[in-house]
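Taking it in order: structure first as structure tokens, then the write-up.
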Amino acid sequence: MALYTNDSRDRVRDAVDFVELVSARTELRRAGPARYEGLCPFHDERTPSFGIDPVQKVYHCFGCQASGDVFTFVQETEGVDFKGALELLAERYGVELELEQEDPQAAQRRMRRERLLELLSRTAAYYERYLWESREAHRARDYLAGRGLGEEVLREFQVGFAPSAWDRVLTASRRGGFSVEELYATGLAQRSRQGGQPYDRFRARITFPLTDLRGRVLGFGARAMRDESTDGGPPKYLNTADNEIYHKGLHLYGAHLARSHAARAGEVIVCEGYTDAIALHQAGMRNAVGLMGTALTAEQLGELARMAHTVLLALDADTSGQDAMLRASRLAAQRKIELRVVGLPPGTDPADLVLRDGADAMQALVGESVPFVRFRVERALEVGDRATPEGRDRILADLRPVFATLPPSAMRMELTRIVSERLGLPESLAERALTEQSADAAGTRATRRGSTERGQGATGRGAAPRNGVAGDGRDAGVRGRGAANDSGHGDRAQSRTALAERGTSTERAFLALCIASPGAGAQALAELNPAEYFTSDTLRRAAEHLRRHLADPQRDLPEGDAELGALMAELVVEGGREAVRPDMLEVQRLQLELARMDRAINRSRSSERGEVSELARRRAEIKLDFDRAYARVLEDTGEGE
């Protein structure tokens with residue numbers, strides 16, 4: 001794996017427009033002197049709790065606690081490692097990366113991959129030029145125009161045409177310095193059966209480049225210019241076979257163009273064919289991707305999940321399309337994905353519909369998409385035999401697994417009513433028939449669970465499990481509080497917990513204010529001993545780090561200390577909420593002093609050393625200073641009037 005210099009990483013970080021980068025995932029608005037906020041892209045919420053600092057280029061969500069910098073953000077949203085995030089950002093913002101010294105074998109592998117990608121890119125550009133400039137490609141241009149596809153969108157997708165001659169790409173590539181072996185490795189050439197001579201794999205076909213999320217060409221899908229192939233003849237579609245660059249089933253057609261639009265819309269449309277995806281983009285549905293001629297895979301669904309929370313299946317209403325939807329539903333059940341179905345008229349695909357009825361008609365169908373379970377029920381009732389008792393039983397059996405996934409809900413009640421009406425059954429009977437299997441399964445699970453609990457002892461969860469750890473922790477917590485209250489020490493225990501929570505909150509607020517007011521913050525930090533004023537190791541490390549790097553809190557963070565990195569991002573974002581107010585910093589400093597005195601008083605009470613009176617007197621003095629400082633803040637802001 002190639003390693004890039006620290007200077008490269010810093011130059012990429014400096015080049016990133018963080019507001020623009022994050023805005024592709026969620027809408028942001030300015031919310032402070034150095035802060036933007038919006039709905040968190042990492043969890044569902046209605047009230048914004050997600051914020052970024054556009055200068056320090058860090059983010060933090062006060063709801064789900066997601067934190068990080070520009071590289072973490074790309075890693076989490078694009079599903080790549082740090083190297084992939086660095087390369088994506090470098091390419092996006094035009095920064096050239098410099099490599100550290102590499103292992104010779106790793107350098108050789110990297111250089112080979114770069115050459116193969118260059119060969120594929122050159123070939124895609126050649127095919128594209130040939131489509132628009134050659135006389136031979138006029139039938140291809142007519143075909144694409146007949147499908148309603150314009151030149152602008154076709155060029156955006158780099159659609160091209162492979163000449164019918166057997167050696168055009170072979171000859172041009174050899175002239176460009178590429179070897180026959182490299183042509184074989186990329187799938188651009190293959191050997192003849194007689195004599196083993198190399199020749200172009202794609203000939204007299206419309207070509208659709210297959211790319212990764214960065215838009216790099218990995219292979220091609222190619223459509224013949226005749227109708228369905230006859231037995232023994234060339235196939236209608238010919239795709240690049242798996243090789244060291246291209247792996248079937250890992251990518252989605254057009255994802256590099258659709259991902260930012262899908263992130264903004266919160267949903268991604270999935271269709272089957274290349275022209276379907278292109279037609280939807282041209283019709284304004286820029287969040288559309290294609291399956292590239294493959295059955296939906298777990299890897300593709302993972303890519304969809306990173307693009308948006310809602311997946312709309314706009315697949316052909318034939319048997320293969322229905323099967324693809326069923327596979328998608330099984331895969332989606334393992335992820336937090338809302339799966340919906342766009343109901344296409346029988347015998348049509350998205351490209352046909354847009355051409356025949358216009359973009360508005362397709363947009364309307366997308367707006368009328370239904371949850372997959374509803375579609376599945378409607379489909380079973382539509383194609384099943386409702387005329388005979390045996391047929392109705394088969395429909396019920398087919399739908400039991402669907403209902404087994406539905407918790408008690410209004411959706412379940414409505415679907416049960418639909419089944420009841422369409423099959424002519426009493427609703428109570430339909431309910432029993434649809435839940436019979438799942439109830440049996442639940443009963444079996446309950447029996448197994450009961451046996452397990454009986455095996456643990458008569459007291460069930462209250463029995464002491466292995467290693468002396470009580471239950472799941474929650475029961476132990478309740479029992480612990482009860483025991484403390486019975487002995488008369490519960491209030492004191494709760495008081496200590498409250499003090500700890502209040503102290504941590506105060507410490508975080510103080511550090512955030514130091515970042516917001518670096519001049520006064522540097523002096524305040526210099527006067528404090530982190531070991532005395534901060535109650536957690538992470539906060540102490542944060543205070544020590546800020547004493548050295550308050551002007552640039554992200555600088556020189558220890559590698560591998562993810563906890564400190566996340567806390568620093570949170571503090572920077574929190575600091576961006578604050579106006580520059582040294583007087584408020586003094587209030588928080590005195591809060592720290594009060595918290596420190598409270599801890600000292602508690603320790604003195606526990607040790608019974610008789611120092612409580614002196615500590616209490618000192619605390620009263622600090623409290624008086626705090627009240628005065630806080631009154632000044634209220635007076636300055638006008639809140640005290």
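Just remember, in the structure tokens the first chain shown is A, the second B, etc., residues are 1-based per chain, and ligands are 1-based in the order shown.
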_Can you pull out the residues contacting region 2-17 of chain A? Cut-off 12 Å, using only C-alpha atoms, and skip same-chain residues under 6 positions away; I want them as a ChimeraX atom specification._
/A:23-24,52-58,69-74,82-111,113-114,554-556,559
*Please report, as an MDAnalysis selection string, each residue of region 121-212 of chain A to which DSSP assigns helix (DSSP H, G or I) when run on this structure's backbone.*
chainID A and resid 121:133 138:146 151:156 168:175 180:186
Based on the selection just made, write C-alpha atoms of those residues as an mmCIF file, in the first residue's frame.
```
data_model
loop_
_atom_site.group_PDB
_atom_site.id
_atom_site.type_symbol
_atom_site.label_atom_id
_atom_site.label_comp_id
_atom_site.auth_asym_id
_atom_site.auth_seq_id
_atom_site.Cartn_x
_atom_site.Cartn_y
_atom_site.Cartn_z
ATOM 1 C CA SER A 121 -8.927 5.769 -19.501
ATOM 2 C CA ARG A 122 -7.262 6.255 -22.901
ATOM 3 C CA THR A 123 -9.455 3.564 -24.419
ATOM 4 C CA ALA A 124 -12.651 5.104 -23.004
ATOM 5 C CA ALA A 125 -11.646 8.466 -24.507
ATOM 6 C CA TYR A 126 -10.953 6.786 -27.855
ATOM 7 C CA TYR A 127 -14.328 5.019 -27.896
ATOM 8 C CA GLU A 128 -16.072 8.303 -27.021
ATOM 9 C CA ARG A 129 -14.385 10.188 -29.857
ATOM 10 C CA TYR A 130 -15.195 7.395 -32.264
ATOM 11 C CA LEU A 131 -18.902 7.540 -31.370
ATOM 12 C CA TRP A 132 -19.193 11.220 -32.250
ATOM 13 C CA GLU A 133 -16.670 11.559 -35.081
ATOM 14 C CA HIS A 138 -23.947 6.662 -37.207
ATOM 15 C CA ARG A 139 -26.256 3.733 -36.394
ATOM 16 C CA ALA A 140 -25.179 3.883 -32.771
ATOM 17 C CA ARG A 141 -25.858 7.628 -32.647
ATOM 18 C CA ASP A 142 -29.285 7.040 -34.206
ATOM 19 C CA TYR A 143 -30.062 4.271 -31.704
ATOM 20 C CA LEU A 144 -29.144 6.434 -28.703
ATOM 21 C CA ALA A 145 -31.089 9.390 -30.065
ATOM 22 C CA GLY A 146 -34.043 7.062 -30.654
ATOM 23 C CA GLU A 151 -25.246 14.231 -26.516
ATOM 24 C CA GLU A 152 -24.610 16.199 -23.319
ATOM 25 C CA VAL A 153 -25.638 13.445 -20.923
ATOM 26 C CA LEU A 154 -23.994 10.751 -23.072
ATOM 27 C CA ARG A 155 -20.711 12.634 -22.938
ATOM 28 C CA GLU A 156 -21.076 13.007 -19.175
ATOM 29 C CA ARG A 168 -7.957 -0.723 -33.623
ATOM 30 C CA VAL A 169 -7.472 -0.591 -29.819
ATOM 31 C CA LEU A 170 -4.726 -3.188 -29.995
ATOM 32 C CA THR A 171 -2.720 -1.204 -32.536
ATOM 33 C CA ALA A 172 -3.283 2.214 -30.919
ATOM 34 C CA SER A 173 -2.364 0.904 -27.474
ATOM 35 C CA ARG A 174 0.789 -0.815 -28.710
ATOM 36 C CA ARG A 175 1.750 2.434 -30.408
ATOM 37 C CA VAL A 180 -0.285 -7.056 -25.220
ATOM 38 C CA GLU A 181 -0.144 -8.525 -21.705
ATOM 39 C CA GLU A 182 -1.529 -5.263 -20.291
ATOM 40 C CA LEU A 183 -4.335 -5.372 -22.863
ATOM 41 C CA TYR A 184 -5.163 -8.908 -21.722
ATOM 42 C CA ALA A 185 -4.996 -7.834 -18.056
ATOM 43 C CA THR A 186 -7.578 -5.079 -18.575
#
```
*What lies within 12 Å of Arg617 (chain A) using only C-alpha atoms, ignoring chain neighbours under 5 positions off, as a list in words?*
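Using only C-alpha atoms, the neighbours found are Leu594, Met597, Asp598, Ile601, Glu611, Val612, Ile622, Lys623 and Leu624 of chain A.
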*asked:* Could you go through region 38-185 of chain A and tell me which residues DSSP, when run on the backbone, assigns to strand (DSSP E or B), listing them as a PyMOL selection string?
replied: chain A and resi 38+50-53+58-61+67-69+99+160-162
*Point out the residue among A:Pro389, A:Gly367, A:Gly196, A:Gly63 with the least atom-to-atom distance to Ile269 (chain A), counting only C-alpha atoms.*
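Of A:Pro389, A:Gly367, A:Gly196, A:Gly63, the one nearest Ile269 (chain A) is A:Gly367, counting only C-alpha atoms.
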Gln282 (chain A) surroundings by only C-alpha atoms, 9 Å radius, close-in-sequence under 4 positions cut, as an mmCIF file with all heavy atoms, in the first residue's frame:
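Result file is around_39.cif:
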```cif
data_model
loop_
_atom_site.group_PDB
_atom_site.id
_atom_site.type_symbol
_atom_site.label_atom_id
_atom_site.label_comp_id
_atom_site.auth_asym_id
_atom_site.auth_seq_id
_atom_site.Cartn_x
_atom_site.Cartn_y
_atom_site.Cartn_z
ATOM 1 N N LEU A 149 -31.846 9.950 -25.724
ATOM 2 C CA LEU A 149 -30.660 10.366 -24.977
ATOM 3 C C LEU A 149 -29.883 11.406 -25.762
ATOM 4 O O LEU A 149 -29.509 11.192 -26.919
ATOM 5 C CB LEU A 149 -29.772 9.148 -24.679
ATOM 6 C CG LEU A 149 -30.465 8.010 -23.907
ATOM 7 C CD1 LEU A 149 -29.523 6.823 -23.749
ATOM 8 C CD2 LEU A 149 -30.948 8.496 -22.541
ATOM 9 N N GLY A 150 -29.608 12.553 -25.123
ATOM 10 C CA GLY A 150 -28.913 13.645 -25.777
ATOM 11 C C GLY A 150 -27.405 13.538 -25.654
ATOM 12 O O GLY A 150 -26.867 12.819 -24.796
ATOM 13 N N GLU A 152 -25.210 15.665 -24.555
ATOM 14 C CA GLU A 152 -24.610 16.199 -23.319
ATOM 15 C C GLU A 152 -24.539 15.140 -22.227
ATOM 16 O O GLU A 152 -23.486 14.940 -21.608
ATOM 17 C CB GLU A 152 -25.409 17.406 -22.829
ATOM 18 C CG GLU A 152 -24.812 18.060 -21.584
ATOM 19 C CD GLU A 152 -25.601 19.274 -21.122
ATOM 20 O OE1 GLU A 152 -26.557 19.677 -21.825
ATOM 21 O OE2 GLU A 152 -25.267 19.813 -20.057
ATOM 22 N N VAL A 153 -25.642 14.448 -21.985
ATOM 23 C CA VAL A 153 -25.638 13.445 -20.923
ATOM 24 C C VAL A 153 -24.819 12.229 -21.328
ATOM 25 O O VAL A 153 -24.163 11.596 -20.491
ATOM 26 C CB VAL A 153 -27.080 13.049 -20.524
ATOM 27 C CG1 VAL A 153 -27.756 12.201 -21.609
ATOM 28 C CG2 VAL A 153 -27.089 12.297 -19.189
ATOM 29 N N ALA A 277 -30.270 4.334 -16.324
ATOM 30 C CA ALA A 277 -29.614 5.290 -15.427
ATOM 31 C C ALA A 277 -29.336 6.612 -16.148
ATOM 32 O O ALA A 277 -29.562 7.700 -15.598
ATOM 33 C CB ALA A 277 -28.312 4.697 -14.884
ATOM 34 N N ILE A 278 -28.873 6.524 -17.392
ATOM 35 C CA ILE A 278 -28.577 7.744 -18.142
ATOM 36 C C ILE A 278 -29.850 8.539 -18.390
ATOM 37 O O ILE A 278 -29.881 9.770 -18.250
ATOM 38 C CB ILE A 278 -27.879 7.391 -19.477
ATOM 39 C CG1 ILE A 278 -26.541 6.711 -19.208
ATOM 40 C CG2 ILE A 278 -27.669 8.644 -20.315
ATOM 41 C CD1 ILE A 278 -25.880 6.138 -20.452
ATOM 42 N N ARG A 286 -31.035 12.895 -10.731
ATOM 43 C CA ARG A 286 -29.581 12.736 -10.738
ATOM 44 C C ARG A 286 -29.077 11.776 -9.670
ATOM 45 O O ARG A 286 -27.873 11.518 -9.583
ATOM 46 C CB ARG A 286 -28.924 14.106 -10.544
ATOM 47 C CG ARG A 286 -29.332 15.149 -11.567
ATOM 48 C CD ARG A 286 -28.587 14.961 -12.866
ATOM 49 N NE ARG A 286 -27.187 15.296 -12.702
ATOM 50 C CZ ARG A 286 -26.246 14.995 -13.589
ATOM 51 N NH1 ARG A 286 -26.558 14.332 -14.675
ATOM 52 N NH2 ARG A 286 -24.986 15.347 -13.390
ATOM 53 N N ALA A 359 -40.508 13.050 -18.414
ATOM 54 C CA ALA A 359 -39.840 13.022 -17.110
ATOM 55 C C ALA A 359 -40.825 13.146 -15.962
ATOM 56 O O ALA A 359 -40.654 12.516 -14.904
ATOM 57 C CB ALA A 359 -38.796 14.137 -17.031
#
```
_Nearby residues (only C-alpha atoms) at most 6 Å from Ala569 (chain A), same-chain spacing under 2 positions excluded, as a ChimeraX atom specification_ = /A:58-59,67-68,566-567,571-572
*Counting only C-alpha atoms, which of A:Leu546, A:Ala600, A:Ile206, A:Ala308 gets nearest to Ala262 (chain A)?*
A:Ala308
*One decimal, Å: what's the distance from CA of Phe62 (chain A) over to CA of Ala31 (chain A), could you say?*
14.5 Å
*Tell me which of A:Leu550, A:Ala364, A:Ala430, A:Ala351 sits closest to Cys514 (chain A), counting only C-alpha atoms.*
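With only C-alpha atoms as the atom set, the closest residue is A:Leu550.
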_Spatial neighbours of Met584 (chain A), 10 Å, only C-alpha atoms, chain gap at least 6 places, as a PyMOL selection string_ = chain A and resi 510+513+517+578+590+629-630+632-634
Just the selected residues (C-alpha atoms), exported as a short mmCIF file (atom, residue, chain, number, x, y, z; two decimals), in the first residue's frame, please.
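Final output, part_4.cif:
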```cif
data_model
loop_
_atom_site.label_atom_id
_atom_site.label_comp_id
_atom_site.auth_asym_id
_atom_site.auth_seq_id
_atom_site.Cartn_x
_atom_site.Cartn_y
_atom_site.Cartn_z
CA PHE A 510 -13.79 25.59 29.80
CA LEU A 513 -13.96 28.62 25.62
CA SER A 517 -10.69 32.99 23.12
CA GLU A 578 -19.14 30.89 21.40
CA LEU A 590 -14.09 29.74 38.60
CA ALA A 629 -17.94 37.39 37.57
CA TYR A 630 -21.25 35.95 36.48
CA ARG A 632 -20.62 41.07 35.14
CA VAL A 633 -21.41 38.73 32.24
CA LEU A 634 -25.14 39.27 32.74
#
```
*Please indicate the distance in Å from CA of Gly290 (chain A) to CA of Gly254 (chain A), rounded to one decimal place.*
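Going from CA of Gly290 (chain A) over to CA of Gly254 (chain A), I get 6.7 Å.
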*What is the distance between CA of Arg628 (chain A) and CA of Glu574 (chain A), in Å to one decimal?*
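We find that CA of Arg628 (chain A) and CA of Glu574 (chain A) lie 25.3 Å from each other.
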Write out as an mmCIF file with C-alpha atoms, in the first residue's frame which residues come within 7 Å of region 209-220 of chain A when counting only C-alpha atoms, dropping same-chain ones fewer than 3 positions away.
```cif
data_model
loop_
_atom_site.group_PDB
_atom_site.id
_atom_site.type_symbol
_atom_site.label_atom_id
_atom_site.label_comp_id
_atom_site.auth_asym_id
_atom_site.auth_seq_id
_atom_site.Cartn_x
_atom_site.Cartn_y
_atom_site.Cartn_z
ATOM 1 C CA LEU A 88 -10.405 11.035 -3.072
ATOM 2 C CA LEU A 117 -5.988 2.504 -15.261
ATOM 3 C CA LEU A 120 -8.517 1.991 -19.674
ATOM 4 C CA SER A 121 -8.927 5.769 -19.501
ATOM 5 C CA ALA A 124 -12.651 5.104 -23.004
ATOM 6 C CA GLN A 158 -18.437 8.843 -21.487
ATOM 7 C CA VAL A 159 -20.573 6.623 -23.713
ATOM 8 C CA ASN A 239 -19.000 -6.965 -20.216
ATOM 9 C CA THR A 240 -15.448 -6.904 -18.948
ATOM 10 C CA ILE A 245 -8.743 -4.081 -11.895
ATOM 11 C CA TYR A 246 -12.447 -4.849 -12.359
ATOM 12 C CA HIS A 251 -19.706 -1.194 -8.115
ATOM 13 C CA TYR A 253 -23.149 2.266 -12.724
ATOM 14 C CA ALA A 255 -22.415 6.118 -8.708
ATOM 15 C CA HIS A 256 -19.613 8.684 -9.126
#
```
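In this comparison, which uses only C-alpha atoms, the residue of A:Asp393, A:Glu507, A:Glu635, A:Glu586 approaching Leu423 (chain A) most closely is A:Asp393.
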